[in-house]
$ cat work-v8.txt   # compact mmCIF, C-alpha atoms
# COMPACT_ATOMS: atom_id res chain seq x y z
CA MET A 24 127.28 9.21 79.44
CA ALA A 25 129.50 8.22 76.54
CA ALA A 26 128.79 9.86 73.22
CA SER A 27 127.51 7.45 70.59
CA GLN A 28 129.77 6.73 67.65
CA SER A 29 127.27 8.30 65.25
CA ALA A 30 127.00 11.45 67.38
CA TYR A 31 130.76 11.77 67.57
CA ALA A 32 131.02 11.16 63.84
CA ASP A 33 128.69 14.14 63.34
CA ILE A 34 130.96 16.26 65.53
CA GLN A 35 133.95 15.18 63.47
CA ASP A 36 132.11 16.02 60.26
CA TYR A 37 131.45 19.53 61.57
CA LEU A 38 135.08 20.01 62.58
CA PHE A 39 136.21 18.65 59.20
CA SER A 40 133.94 21.20 57.54
CA LEU A 41 135.83 23.97 59.33
CA LYS A 42 139.10 22.46 58.14
CA ALA A 43 137.77 22.31 54.59
CA ARG A 44 137.45 26.11 54.61
CA GLY A 45 141.24 26.23 54.62
CA ALA A 46 143.75 27.81 56.98
CA LYS A 47 142.92 31.25 58.37
CA PHE A 48 145.84 33.23 59.70
CA GLY A 49 145.62 36.20 62.03
CA ILE A 50 144.59 36.48 65.66
CA ASP A 51 141.62 38.86 65.36
CA ARG A 52 139.11 35.99 65.11
CA MET A 53 140.66 34.31 68.15
CA ARG A 54 140.43 37.57 70.09
CA LEU A 55 136.73 37.81 69.21
CA LEU A 56 136.11 34.21 70.20
CA ALA A 57 138.03 34.54 73.47
CA ALA A 58 136.11 37.70 74.36
CA ALA A 59 132.79 35.98 73.63
CA LEU A 60 133.83 33.18 76.02
CA GLY A 61 134.88 35.52 78.82
CA HIS A 62 138.63 35.27 78.14
CA PRO A 63 139.39 31.82 79.57
CA GLU A 64 143.03 32.25 78.47
CA ARG A 65 143.49 34.86 81.20
CA THR A 66 142.59 32.64 84.15
CA LEU A 67 145.95 30.91 84.59
CA PRO A 68 149.63 31.53 83.78
CA TYR A 69 151.10 30.08 80.59
CA VAL A 70 154.38 29.17 78.98
CA HIS A 71 154.26 29.72 75.19
CA VAL A 72 156.44 27.56 72.89
CA ALA A 73 157.25 28.20 69.22
CA GLY A 74 159.89 26.80 66.86
CA THR A 75 160.40 24.88 63.63
CA ASN A 76 161.33 21.66 65.42
CA GLY A 77 161.37 20.57 69.04
CA LYS A 78 158.52 22.72 70.30
CA GLY A 79 156.28 19.74 71.11
CA SER A 80 159.07 17.93 72.92
CA VAL A 81 160.02 21.04 74.94
CA ALA A 82 156.37 21.65 75.83
CA ALA A 83 156.00 18.03 76.96
CA MET A 84 159.19 18.26 79.03
CA LEU A 85 158.03 21.41 80.78
CA GLU A 86 154.64 19.86 81.47
CA ALA A 87 156.36 16.86 83.05
CA ILE A 88 158.57 19.15 85.16
CA PHE A 89 155.60 21.15 86.45
CA ARG A 90 153.72 17.96 87.23
CA ALA A 91 156.74 16.51 89.05
CA ALA A 92 156.72 19.65 91.20
CA GLY A 93 153.11 18.94 92.18
CA TRP A 94 151.20 21.34 89.94
CA ARG A 95 148.08 20.57 87.89
CA THR A 96 149.05 21.07 84.26
CA GLY A 97 147.35 21.86 81.00
CA LEU A 98 149.19 20.97 77.79
CA TYR A 99 148.05 22.13 74.34
CA THR A 100 149.92 20.76 71.32
CA SER A 101 149.32 20.05 67.64
CA PRO A 102 148.86 18.07 65.55
CA HIS A 103 147.73 14.83 67.18
CA LEU A 104 149.10 11.40 66.37
CA VAL A 105 145.96 9.28 66.51
CA ARG A 106 143.18 10.80 68.63
CA LEU A 107 142.03 14.40 68.33
CA GLY A 108 141.88 14.71 72.12
CA GLU A 109 145.67 14.25 72.35
CA ARG A 110 145.95 17.97 71.58
CA VAL A 111 144.44 18.96 74.93
CA ARG A 112 145.66 17.28 78.13
CA VAL A 113 145.12 17.92 81.82
CA ASP A 114 147.66 16.15 84.04
CA GLY A 115 148.40 13.92 81.06
CA ARG A 116 144.77 12.89 80.42
CA ILE A 117 143.60 13.63 76.90
CA LEU A 118 140.33 15.32 76.03
CA SER A 119 137.66 12.63 75.69
CA GLU A 120 135.25 12.26 72.79
CA GLU A 121 132.44 13.28 75.15
CA GLU A 122 134.29 16.45 76.11
CA ILE A 123 135.06 17.27 72.47
CA ALA A 124 131.38 16.81 71.65
CA GLY A 125 130.34 19.00 74.59
CA TYR A 126 132.74 21.80 73.75
CA THR A 127 131.79 21.71 70.07
CA ALA A 128 128.10 22.02 71.03
CA GLU A 129 129.01 24.98 73.25
CA LEU A 130 131.25 26.73 70.73
CA ARG A 131 129.17 26.21 67.58
CA PRO A 132 126.42 28.76 68.42
CA VAL A 133 129.09 31.24 69.51
CA ALA A 134 130.79 30.81 66.14
CA ASP A 135 127.45 31.28 64.38
CA ARG A 136 126.83 34.53 66.27
CA LEU A 137 130.28 35.88 65.42
CA ALA A 138 129.78 35.02 61.74
CA ALA A 139 126.31 36.61 61.72
CA ALA A 140 127.64 39.82 63.27
CA GLY A 141 130.84 40.24 61.30
CA GLY A 142 130.61 37.97 58.27
CA GLU A 143 131.99 34.53 57.49
CA ASP A 144 135.56 35.74 57.89
CA ASP A 145 134.84 36.04 61.61
CA ARG A 146 133.79 32.40 61.90
CA PRO A 147 136.46 30.58 63.94
CA SER A 148 138.63 28.04 62.16
CA PHE A 149 139.20 24.43 63.19
CA PHE A 150 142.41 25.35 65.00
CA GLU A 151 140.69 28.23 66.78
CA PHE A 152 137.96 25.83 67.94
CA MET A 153 140.61 23.52 69.37
CA THR A 154 142.49 26.41 70.97
CA ALA A 155 139.29 27.58 72.65
CA MET A 156 138.63 24.04 73.90
CA ALA A 157 142.08 23.99 75.47
CA PHE A 158 141.62 27.32 77.23
CA LEU A 159 138.18 26.30 78.52
CA GLN A 160 139.34 22.86 79.65
CA PHE A 161 142.34 24.21 81.54
CA ASN A 162 140.17 26.82 83.19
CA ARG A 163 137.38 24.44 84.19
CA ARG A 164 139.75 21.74 85.41
CA ARG A 165 141.47 24.39 87.54
CA CYS A 166 144.91 23.92 86.12
CA ASP A 167 147.71 25.74 87.89
CA VAL A 168 149.67 26.34 84.69
CA GLY A 169 149.23 25.93 80.94
CA ILE A 170 151.88 25.08 78.36
CA ALA A 171 150.78 26.01 74.86
CA GLU A 172 152.55 25.05 71.64
CA VAL A 173 152.20 27.37 68.66
CA GLY A 174 150.37 25.78 65.73
CA LEU A 175 152.16 27.62 62.92
CA GLY A 176 154.64 30.46 63.00
CA GLY A 177 153.88 32.65 65.98
CA ARG A 178 152.91 36.21 65.15
CA LEU A 179 149.58 35.28 63.55
CA ASP A 180 148.91 32.04 65.42
CA ALA A 181 145.69 31.72 67.42
CA THR A 182 147.66 30.94 70.58
CA ASN A 183 149.32 34.35 70.38
CA ILE A 184 146.52 35.98 72.36
CA LEU A 185 148.36 34.63 75.42
CA ASP A 186 150.46 36.85 77.68
CA PRO A 187 152.83 34.17 78.97
CA GLU A 188 155.25 34.21 81.88
CA VAL A 189 157.97 32.90 79.55
CA SER A 190 158.15 32.53 75.77
CA ILE A 191 160.33 29.86 74.12
CA ILE A 192 161.60 29.58 70.55
CA THR A 193 163.19 26.16 70.16
CA SER A 194 164.70 26.29 66.67
CA ILE A 195 164.46 28.01 63.31
CA GLY A 196 164.53 26.21 59.96
CA LEU A 197 162.95 26.39 56.51
CA ASP A 198 159.45 24.98 56.83
CA HIS A 199 155.97 26.26 55.92
CA VAL A 200 157.73 28.74 53.66
CA GLU A 201 154.49 29.39 51.76
CA TYR A 202 153.11 30.98 54.93
CA LEU A 203 156.12 32.21 56.89
CA GLY A 204 158.59 33.42 54.27
CA GLY A 205 161.39 31.91 52.23
CA THR A 206 164.39 32.90 54.35
CA ILE A 207 165.64 32.02 57.81
CA GLU A 208 165.38 35.70 58.79
CA GLU A 209 161.74 36.00 57.67
CA ILE A 210 160.75 32.82 59.51
CA ALA A 211 162.61 33.96 62.65
CA ALA A 212 160.69 37.25 62.60
CA GLU A 213 157.36 35.42 62.37
CA LYS A 214 158.20 33.13 65.26
CA ALA A 215 159.54 36.05 67.31
CA GLY A 216 156.01 37.45 67.13
CA ILE A 217 155.23 35.53 70.34
CA ILE A 218 157.67 37.70 72.33
CA LYS A 219 155.74 39.95 74.71
CA PRO A 220 156.93 43.22 76.26
CA GLU A 221 159.10 42.69 79.33
CA ARG A 222 158.51 38.91 79.34
CA PRO A 223 161.64 36.74 79.10
CA VAL A 224 162.30 34.55 76.07
CA VAL A 225 164.42 31.40 75.86
CA LEU A 226 166.14 30.40 72.62
CA GLY A 227 167.16 26.88 71.68
CA ARG A 228 169.75 25.97 69.08
CA MET A 229 169.35 27.96 65.86
CA PRO A 230 171.34 29.63 63.07
CA ALA A 231 173.14 32.84 64.04
CA GLU A 232 171.13 34.88 61.53
CA ALA A 233 167.89 33.73 63.13
CA GLU A 234 169.11 34.53 66.63
CA ARG A 235 170.13 38.05 65.54
CA VAL A 236 166.62 38.75 64.24
CA ILE A 237 164.97 37.43 67.38
CA ARG A 238 167.30 39.32 69.72
CA ALA A 239 166.59 42.57 67.86
CA ILE A 240 162.83 42.10 68.24
CA ALA A 241 163.24 41.17 71.91
CA LEU A 242 165.31 44.31 72.50
CA GLU A 243 162.56 46.46 70.98
CA ARG A 244 160.08 44.89 73.41
CA GLY A 245 162.28 45.02 76.48
CA ALA A 246 162.31 41.23 76.76
CA GLU A 247 165.26 39.47 78.39
CA VAL A 248 166.83 36.79 76.15
CA LEU A 249 168.60 33.66 77.34
CA SER A 250 169.95 31.11 74.88
CA VAL A 251 170.90 27.48 75.44
CA GLY A 252 174.20 27.90 73.61
CA GLN A 253 175.12 30.88 75.76
CA GLU A 254 174.09 29.31 79.06
CA PHE A 255 175.21 25.70 78.56
CA GLY A 256 177.79 25.92 75.78
CA GLU A 257 177.77 24.22 72.41
CA ASP A 258 178.63 20.71 73.65
CA LEU A 259 175.75 19.14 75.55
CA ALA A 260 177.14 15.60 75.60
CA GLY A 261 176.00 13.99 78.82
CA TYR A 262 173.76 16.88 79.92
CA PRO A 263 170.94 17.13 80.60
CA LEU A 264 169.48 13.64 80.52
CA THR A 265 165.91 12.95 79.39
CA ASN A 266 163.62 10.01 78.93
CA LEU A 267 163.36 10.85 75.21
CA ALA A 268 165.93 9.28 72.87
CA GLY A 269 167.99 11.14 70.30
CA ASP A 270 170.86 13.56 70.86
CA TYR A 271 168.71 16.49 69.69
CA GLN A 272 166.54 15.88 72.75
CA ARG A 273 169.46 17.05 74.88
CA TRP A 274 169.08 20.47 73.29
CA ASN A 275 165.34 20.34 73.87
CA ALA A 276 165.88 19.30 77.48
CA ALA A 277 168.39 22.11 78.00
CA THR A 278 165.84 24.54 76.57
CA ALA A 279 163.18 23.28 78.99
CA VAL A 280 165.62 23.45 81.93
CA LEU A 281 166.57 27.03 81.05
CA ALA A 282 162.92 28.07 80.81
CA ALA A 283 162.19 26.44 84.18
CA SER A 284 165.04 28.41 85.74
CA LEU A 285 163.47 31.69 84.60
CA LEU A 286 160.12 31.07 86.25
CA PRO A 287 159.43 32.73 89.59
CA ALA A 288 160.42 30.88 92.77
CA ARG A 289 156.77 30.29 93.66
CA TRP A 290 156.67 27.44 91.15
CA ARG A 291 159.15 25.42 93.24
CA LEU A 292 160.75 23.87 90.15
CA SER A 293 163.61 22.36 92.11
CA ALA A 294 166.52 20.47 90.59
CA GLU A 295 164.86 17.27 91.80
CA ALA A 296 161.56 18.15 90.07
CA VAL A 297 163.41 19.04 86.86
CA THR A 298 165.36 15.78 86.87
CA ARG A 299 162.30 13.67 87.66
CA GLY A 300 160.21 15.43 85.02
CA LEU A 301 162.82 14.86 82.31
CA HIS A 302 163.05 11.18 83.23
CA GLU A 303 159.27 10.71 83.22
CA VAL A 304 158.31 12.69 80.10
CA ASP A 305 156.49 10.69 77.41
CA TRP A 306 156.29 12.10 73.89
CA PRO A 307 155.65 9.38 71.27
CA GLY A 308 156.94 9.47 67.73
CA ARG A 309 160.24 11.22 68.41
CA TRP A 310 162.96 8.60 67.87
CA GLN A 311 160.65 6.29 69.80
CA ARG A 312 161.95 2.73 70.07
CA THR A 313 159.58 -0.19 70.37
CA ARG A 314 159.43 -3.77 69.10
CA ILE A 315 157.20 -5.49 66.59
CA GLY A 316 157.32 -9.23 65.96
CA GLY A 317 160.56 -9.41 67.92
CA ARG A 318 162.27 -6.73 65.79
CA MET A 319 163.33 -3.22 66.75
CA LEU A 320 161.00 -0.55 65.37
CA VAL A 321 161.93 3.14 65.52
CA LEU A 322 159.25 5.81 64.98
CA ASP A 323 160.52 9.31 64.24
CA ALA A 324 158.67 12.36 62.93
CA SER A 325 161.37 14.03 60.83
CA HIS A 326 159.15 16.05 58.56
CA ASN A 327 161.21 19.02 57.33
CA PRO A 328 164.75 19.90 56.14
CA GLU A 329 166.05 20.67 59.63
CA GLY A 330 164.58 17.41 60.93
CA ALA A 331 166.19 15.50 58.05
CA GLN A 332 169.63 16.64 59.23
CA VAL A 333 168.92 15.27 62.70
CA LEU A 334 167.53 12.05 61.20
CA ASP A 335 170.73 11.62 59.17
CA ALA A 336 172.85 11.70 62.34
CA ASN A 337 170.47 9.41 64.25
CA LEU A 338 170.43 6.84 61.44
CA GLU A 339 174.23 6.86 61.29
CA ARG A 340 174.35 6.07 65.02
CA LEU A 341 171.68 3.40 64.62
CA VAL A 342 173.71 1.62 61.93
CA SER A 343 176.81 1.81 64.12
CA GLU A 344 174.90 0.49 67.14
CA THR A 345 173.14 -2.41 65.40
CA GLY A 346 175.75 -3.28 62.81
CA ARG A 347 173.21 -3.34 59.99
CA ARG A 348 171.37 -0.97 57.68
CA PRO A 349 167.68 -0.61 58.54
CA VAL A 350 164.60 -1.10 56.41
CA ILE A 351 163.04 2.36 56.27
CA ILE A 352 159.38 3.22 55.69
CA VAL A 353 158.97 6.86 54.64
CA GLY A 354 156.25 9.30 53.59
CA ALA A 355 156.11 13.10 53.45
CA LEU A 356 153.95 16.10 52.60
CA GLY A 357 155.42 17.91 49.61
CA ALA A 358 158.73 17.90 47.76
CA LEU A 359 160.39 20.53 49.98
CA ARG A 360 160.12 18.09 52.88
CA ALA A 361 160.49 14.84 50.93
CA ARG A 362 163.71 15.68 49.08
CA PRO A 363 166.10 16.11 52.08
CA LEU A 364 164.29 13.34 53.91
CA LEU A 365 164.92 10.80 51.15
CA VAL A 366 168.55 11.88 50.84
CA ALA A 367 169.05 11.12 54.54
CA VAL A 368 167.05 7.88 54.39
CA CYS A 369 168.82 6.49 51.33
CA ARG A 370 172.24 7.23 52.78
CA HIS A 371 171.63 4.62 55.49
CA ALA A 372 168.80 2.28 54.38
CA ARG A 373 169.14 -1.27 53.11
CA GLU A 374 165.63 -1.12 51.65
CA VAL A 375 163.13 1.74 51.34
CA HIS A 376 159.33 1.54 51.40
CA LEU A 377 157.52 4.59 50.03
CA VAL A 378 154.09 5.28 51.50
CA VAL A 379 151.50 8.02 50.99
CA PRO A 380 149.97 9.40 54.22
CA GLU A 381 146.21 9.98 54.16
CA GLN A 382 146.60 13.72 53.67
CA SER A 383 145.62 15.92 50.76
CA ARG A 384 149.14 17.41 50.60
CA ALA A 385 150.94 14.05 50.75
CA SER A 386 153.56 13.28 48.11
CA SER A 387 152.44 10.49 45.78
CA HIS A 388 154.37 7.29 45.21
CA ALA A 389 155.59 8.67 41.89
CA GLU A 390 156.71 11.96 43.44
CA LEU A 391 158.58 10.16 46.20
CA ALA A 392 160.20 7.72 43.75
CA ALA A 393 161.43 10.61 41.61
CA LEU A 394 163.26 12.04 44.63
CA VAL A 395 165.15 8.84 45.52
CA PRO A 396 168.86 9.60 44.88
CA GLY A 397 170.19 7.95 41.74
CA ASP A 398 173.06 6.28 43.56
CA PHE A 399 170.81 4.31 45.91
CA SER A 400 171.19 0.65 44.96
CA GLY A 401 168.77 -1.00 47.39
CA PRO A 402 165.16 -2.04 46.74
CA VAL A 403 162.58 0.76 46.57
CA VAL A 404 159.06 -0.53 47.18
CA ARG A 405 155.77 1.34 46.78
CA SER A 406 153.78 0.29 49.83
CA THR A 407 150.77 1.19 51.98
CA VAL A 408 150.42 1.42 55.75
CA ALA A 409 147.71 -1.25 55.69
CA GLY A 410 149.89 -3.59 53.67
CA LEU A 411 152.96 -3.05 55.82
CA PHE A 412 151.09 -3.31 59.14
CA PRO A 413 148.20 -5.70 58.47
CA GLU A 414 147.56 -6.38 62.17
CA PRO A 415 149.00 -5.55 65.60
CA GLY A 416 152.42 -7.09 66.14
CA VAL A 417 153.06 -7.67 62.44
CA CYS A 418 155.14 -5.77 59.89
CA SER A 419 155.54 -7.28 56.44
CA ALA A 420 158.65 -5.26 55.52
CA GLY A 421 162.14 -6.73 55.66
CA GLY A 422 163.40 -9.98 57.11
CA PRO A 423 163.32 -11.47 60.62
CA ASP A 424 166.60 -9.83 61.66
CA ASP A 425 166.02 -6.38 60.18
CA VAL A 426 165.74 -3.15 62.14
CA LEU A 427 162.71 -1.13 61.02
CA VAL A 428 162.38 2.66 60.92
CA VAL A 429 159.22 4.65 60.15
CA THR A 430 159.94 8.31 59.45
CA GLY A 431 158.70 11.45 57.77
CA SER A 432 155.27 12.98 58.26
CA ILE A 433 153.79 12.89 61.75
CA TYR A 434 150.55 11.80 60.06
CA LEU A 435 152.27 8.69 58.75
CA LEU A 436 153.41 7.88 62.28
CA GLY A 437 149.88 8.36 63.54
CA GLU A 438 148.53 5.91 60.98
CA VAL A 439 151.17 3.34 61.93
CA LEU A 440 150.58 3.76 65.67
CA ALA A 441 146.84 3.35 65.17
CA ARG A 442 147.49 -0.05 63.57
CA ILE A 443 150.20 -1.37 65.89
CA GLU A 444 148.57 0.03 69.05
CA PRO A 445 144.83 -0.22 68.35
CA GLU A 446 144.03 0.72 71.94
CA ARG A 447 144.99 4.27 70.97
CA GLY A 448 141.89 4.40 68.78
CA ALA A 449 141.68 5.10 65.06
CA GLY A 450 139.85 7.21 62.54
CA GLU A 451 140.94 10.63 63.78
CA GLY A 452 144.30 10.93 62.09
CA ARG A 453 143.21 12.72 58.95
CA LEU A 454 143.08 16.25 60.33
CA GLN A 455 145.89 18.32 58.93
CA ASP A 456 148.41 20.76 60.39
CA PHE A 457 147.57 23.26 63.10

$ encode --input "work-v8.txt" --output "structure tokens"
Amino acid sequence: MAASQSAYADIQDYLFSLKARGAKFGIDRMRLLAAALGHPERTLPYVHVAGTNGKGSVAAMLEAIFRAAGWRTGLYTSPHLVRLGERVRVDGRILSEEEIAGYTAELRPVADRLAAAGGEDDRPSFFEFMTAMAFLQFNRRRCDVGIAEVGLGGRLDATNILDPEVSIITSIGLDHVEYLGGTIEEIAAEKAGIIKPERPVVLGRMPAEAERVIRAIALERGAEVLSVGQEFGEDLAGYPLTNLAGDYQRWNAATAVLAASLLPARWRLSAEAVTRGLHEVDWPGRWQRTRIGGRMLVLDASHNPEGAQVLDANLERLVSETGRRPVIIVGALGALRARPLLVAVCRHAREVHLVVPEQSRASSHAELAALVPGDFSGPVVRSTVAGLFPEPGVCSAGGPDDVLVVTGSIYLLGEVLARIEPERGAGEGRLQDF
């Protein structure tokens, strides 16, 4: 029986109350919760994916490859675009509102018991609730394999209770510095925390100083290291192909292919399964092209300095391909992310619309406007998602021949997708990172 809207709203309110307590880092609470649930994370093999950028895409690619080979898959990612259940998928099907309600009802008394026994610091966080839901769902739906994306960092992330068959670190860049450290080396060490003794690790494209740190930690733990650059070379033009647009997805695809090659033969991840999986993978919001009112619309979550570099190159190619500068709609969380993003945007835009995602950490209109480079001569408009996308199939920005780009925070993309694709559902996009 479907959960009523009021009942599900109550569930959301409870989950929001966990989020309101703030982020809790460390895996001791997750260990306690997993033990209280009978360790559902130990019932199937996992691949564990960390990285500053690309980890969601690589996880989605691997899930598609496993599914193409005939296996039942569990995929755990964060954050979601529109619906909370997007974080937990079995064979591509997202967790329903009824299932979220059921798992919350099951987990809430367990959380209360842990808090009563050890104090409020032992009460699981929002992310730990969602992680437990994923482990339980994959177990109960009898998945053959799970692919889990790290929420934040690696060493102290709730997903790090896993003992995976393969660990993956897709990239290293400066993001979440308030939690992970202010240097590439410090962030690399945090993400290398997912490396387990004698379990192989795959590295995507990253700065040499980051790779040195990770290789040193892997050596200490007796973990074999394979890197995309070492195995495929530095020029991936034309290989491997994937259903996801953007040249950076070639690096992500190569990372997924390399990880698949390390898995034992019993998984039967043949070249045919790998190729079919990469051609069938669906991961919205990553240089995703669609149309609105007859115009091209590109949706791309470029939310940190490393992502802004990729966005810069993609926008340059877009201008070359279309012969015109796009109208760009942009919003970000914090100046560290907004500054390089706006530099890239203003280098290629004809017109810029500044929007404020519905997040407590979102940069205001004034903060965004102050970061627009002084040499940008095009219009800069302070806009809202509702004003720009008043109804499905309509965007009020630009003219009838303009190319439109929405970029920046993944939460902004979720708000836009909820308006242009109302069948996705709405009202769940306000939950924050991890």

$ closest_residue --input "work-v8.txt" --among "A:Arg314, A:Gln332, A:Gly346, A:Ala59" --to "Arg136 of chain A" --atoms "all atoms listed in the file"
A:Ala59

$ residues_around --input "work-v8.txt" --residues "Leu67 of chain A" --least-positions-apart "6" --cutoff "12 Å" --atoms "all atoms listed in the file" --output "list in words"
Arg95, Thr96, Gly97, Phe158, Leu159, Gln160, Phe161, Asn162, Arg163, Arg164, Arg165, Cys166, Asp167, Val168, Gly169, Ile170, Ala171, Leu185, Asp186, Pro187 and Glu188 of chain A

$ closest_residue --input "work-v8.txt" --among "A:Ala282, A:Leu411, A:Leu85, A:Leu107" --to "Ser119 of chain A" --atoms "all atoms listed in the file"
A:Leu107

$ atom_distance --input "work-v8.txt" --atom1 "atom CA of Arg309 of chain A" --atom2 "atom CA of Leu267 of chain A"
7.5 Å

$ atom_distance --input "work-v8.txt" --atom1 "atom CA of Arg405 of chain A" --atom2 "atom CA of Pro423 of chain A"
20.3 Å

$ closest_residue --input "work-v8.txt" --among "A:Val173, A:Ile123, A:Ile191, A:Leu98" --to "Tyr37 of chain A" --atoms "all atoms listed in the file"
A:Ile123

$ atom_distance --input "work-v8.txt" --atom1 "atom CA of Gly216 of chain A" --atom2 "atom CA of Ala277 of chain A"
22.5 Å

$ axis_aligned_box --input "work-v8.txt" --around "segment 85-94 of chain A" --padding-each-side "4 Å" --output "lines of an AutoDock Vina configuration file"
center_x = 154.9
center_y = 19.0
center_z = 86.5
size_x = 15.4
size_y = 12.9
size_z = 19.4

$ build_atoms --input "work-v8.txt" --residues "segment 227-245 of chain A" --atoms "N, CA and C atoms" --output "PDB file, keeping the file's coordinate frame"
ATOM      1  N   GLY A 227     166.444  28.132  71.854  1.00  0.00           N
ATOM      2  CA  GLY A 227     167.160  26.880  71.680  1.00  0.00           C
ATOM      3  C   GLY A 227     168.267  27.049  70.660  1.00  0.00           C
ATOM      4  N   ARG A 228     168.663  25.941  70.064  1.00  0.00           N
ATOM      5  CA  ARG A 228     169.750  25.970  69.080  1.00  0.00           C
ATOM      6  C   ARG A 228     169.197  26.419  67.735  1.00  0.00           C
ATOM      7  N   MET A 229     169.831  27.421  67.136  1.00  0.00           N
ATOM      8  CA  MET A 229     169.350  27.960  65.860  1.00  0.00           C
ATOM      9  C   MET A 229     170.473  28.669  65.141  1.00  0.00           C
ATOM     10  N   PRO A 230     170.321  28.911  63.820  1.00  0.00           N
ATOM     11  CA  PRO A 230     171.340  29.630  63.070  1.00  0.00           C
ATOM     12  C   PRO A 230     171.568  31.034  63.628  1.00  0.00           C
ATOM     13  N   ALA A 231     172.785  31.523  63.496  1.00  0.00           N
ATOM     14  CA  ALA A 231     173.140  32.840  64.040  1.00  0.00           C
ATOM     15  C   ALA A 231     172.273  33.936  63.451  1.00  0.00           C
ATOM     16  N   GLU A 232     171.940  33.834  62.148  1.00  0.00           N
ATOM     17  CA  GLU A 232     171.130  34.880  61.530  1.00  0.00           C
ATOM     18  C   GLU A 232     169.723  34.931  62.104  1.00  0.00           C
ATOM     19  N   ALA A 233     169.207  33.768  62.495  1.00  0.00           N
ATOM     20  CA  ALA A 233     167.890  33.730  63.130  1.00  0.00           C
ATOM     21  C   ALA A 233     167.944  34.346  64.521  1.00  0.00           C
ATOM     22  N   GLU A 234     168.980  34.004  65.274  1.00  0.00           N
ATOM     23  CA  GLU A 234     169.110  34.530  66.630  1.00  0.00           C
ATOM     24  C   GLU A 234     169.257  36.052  66.609  1.00  0.00           C
ATOM     25  N   ARG A 235     169.980  36.591  65.631  1.00  0.00           N
ATOM     26  CA  ARG A 235     170.130  38.050  65.540  1.00  0.00           C
ATOM     27  C   ARG A 235     168.782  38.731  65.351  1.00  0.00           C
ATOM     28  N   VAL A 236     167.942  38.177  64.483  1.00  0.00           N
ATOM     29  CA  VAL A 236     166.620  38.750  64.240  1.00  0.00           C
ATOM     30  C   VAL A 236     165.786  38.719  65.516  1.00  0.00           C
ATOM     31  N   ILE A 237     165.785  37.585  66.183  1.00  0.00           N
ATOM     32  CA  ILE A 237     164.970  37.430  67.380  1.00  0.00           C
ATOM     33  C   ILE A 237     165.452  38.351  68.493  1.00  0.00           C
ATOM     34  N   ARG A 238     166.764  38.449  68.666  1.00  0.00           N
ATOM     35  CA  ARG A 238     167.300  39.320  69.720  1.00  0.00           C
ATOM     36  C   ARG A 238     166.952  40.780  69.450  1.00  0.00           C
ATOM     37  N   ALA A 239     166.946  41.187  68.198  1.00  0.00           N
ATOM     38  CA  ALA A 239     166.590  42.570  67.860  1.00  0.00           C
ATOM     39  C   ALA A 239     165.135  42.862  68.214  1.00  0.00           C
ATOM     40  N   ILE A 240     164.247  41.921  67.918  1.00  0.00           N
ATOM     41  CA  ILE A 240     162.830  42.100  68.240  1.00  0.00           C
ATOM     42  C   ILE A 240     162.635  42.102  69.751  1.00  0.00           C
ATOM     43  N   ALA A 241     163.340  41.210  70.452  1.00  0.00           N
ATOM     44  CA  ALA A 241     163.240  41.170  71.910  1.00  0.00           C
ATOM     45  C   ALA A 241     163.719  42.471  72.531  1.00  0.00           C
ATOM     46  N   LEU A 242     164.788  43.044  71.986  1.00  0.00           N
ATOM     47  CA  LEU A 242     165.310  44.310  72.500  1.00  0.00           C
ATOM     48  C   LEU A 242     164.283  45.419  72.354  1.00  0.00           C
ATOM     49  N   GLU A 243     163.608  45.462  71.204  1.00  0.00           N
ATOM     50  CA  GLU A 243     162.560  46.460  70.980  1.00  0.00           C
ATOM     51  C   GLU A 243     161.451  46.350  72.024  1.00  0.00           C
ATOM     52  N   ARG A 244     161.196  45.124  72.486  1.00  0.00           N
ATOM     53  CA  ARG A 244     160.080  44.890  73.410  1.00  0.00           C
ATOM     54  C   ARG A 244     160.524  44.798  74.870  1.00  0.00           C
ATOM     55  N   GLY A 245     161.781  45.053  75.110  1.00  0.00           N
ATOM     56  CA  GLY A 245     162.280  45.020  76.480  1.00  0.00           C
ATOM     57  C   GLY A 245     162.225  43.643  77.101  1.00  0.00           C
TER      58      GLY A 245
END
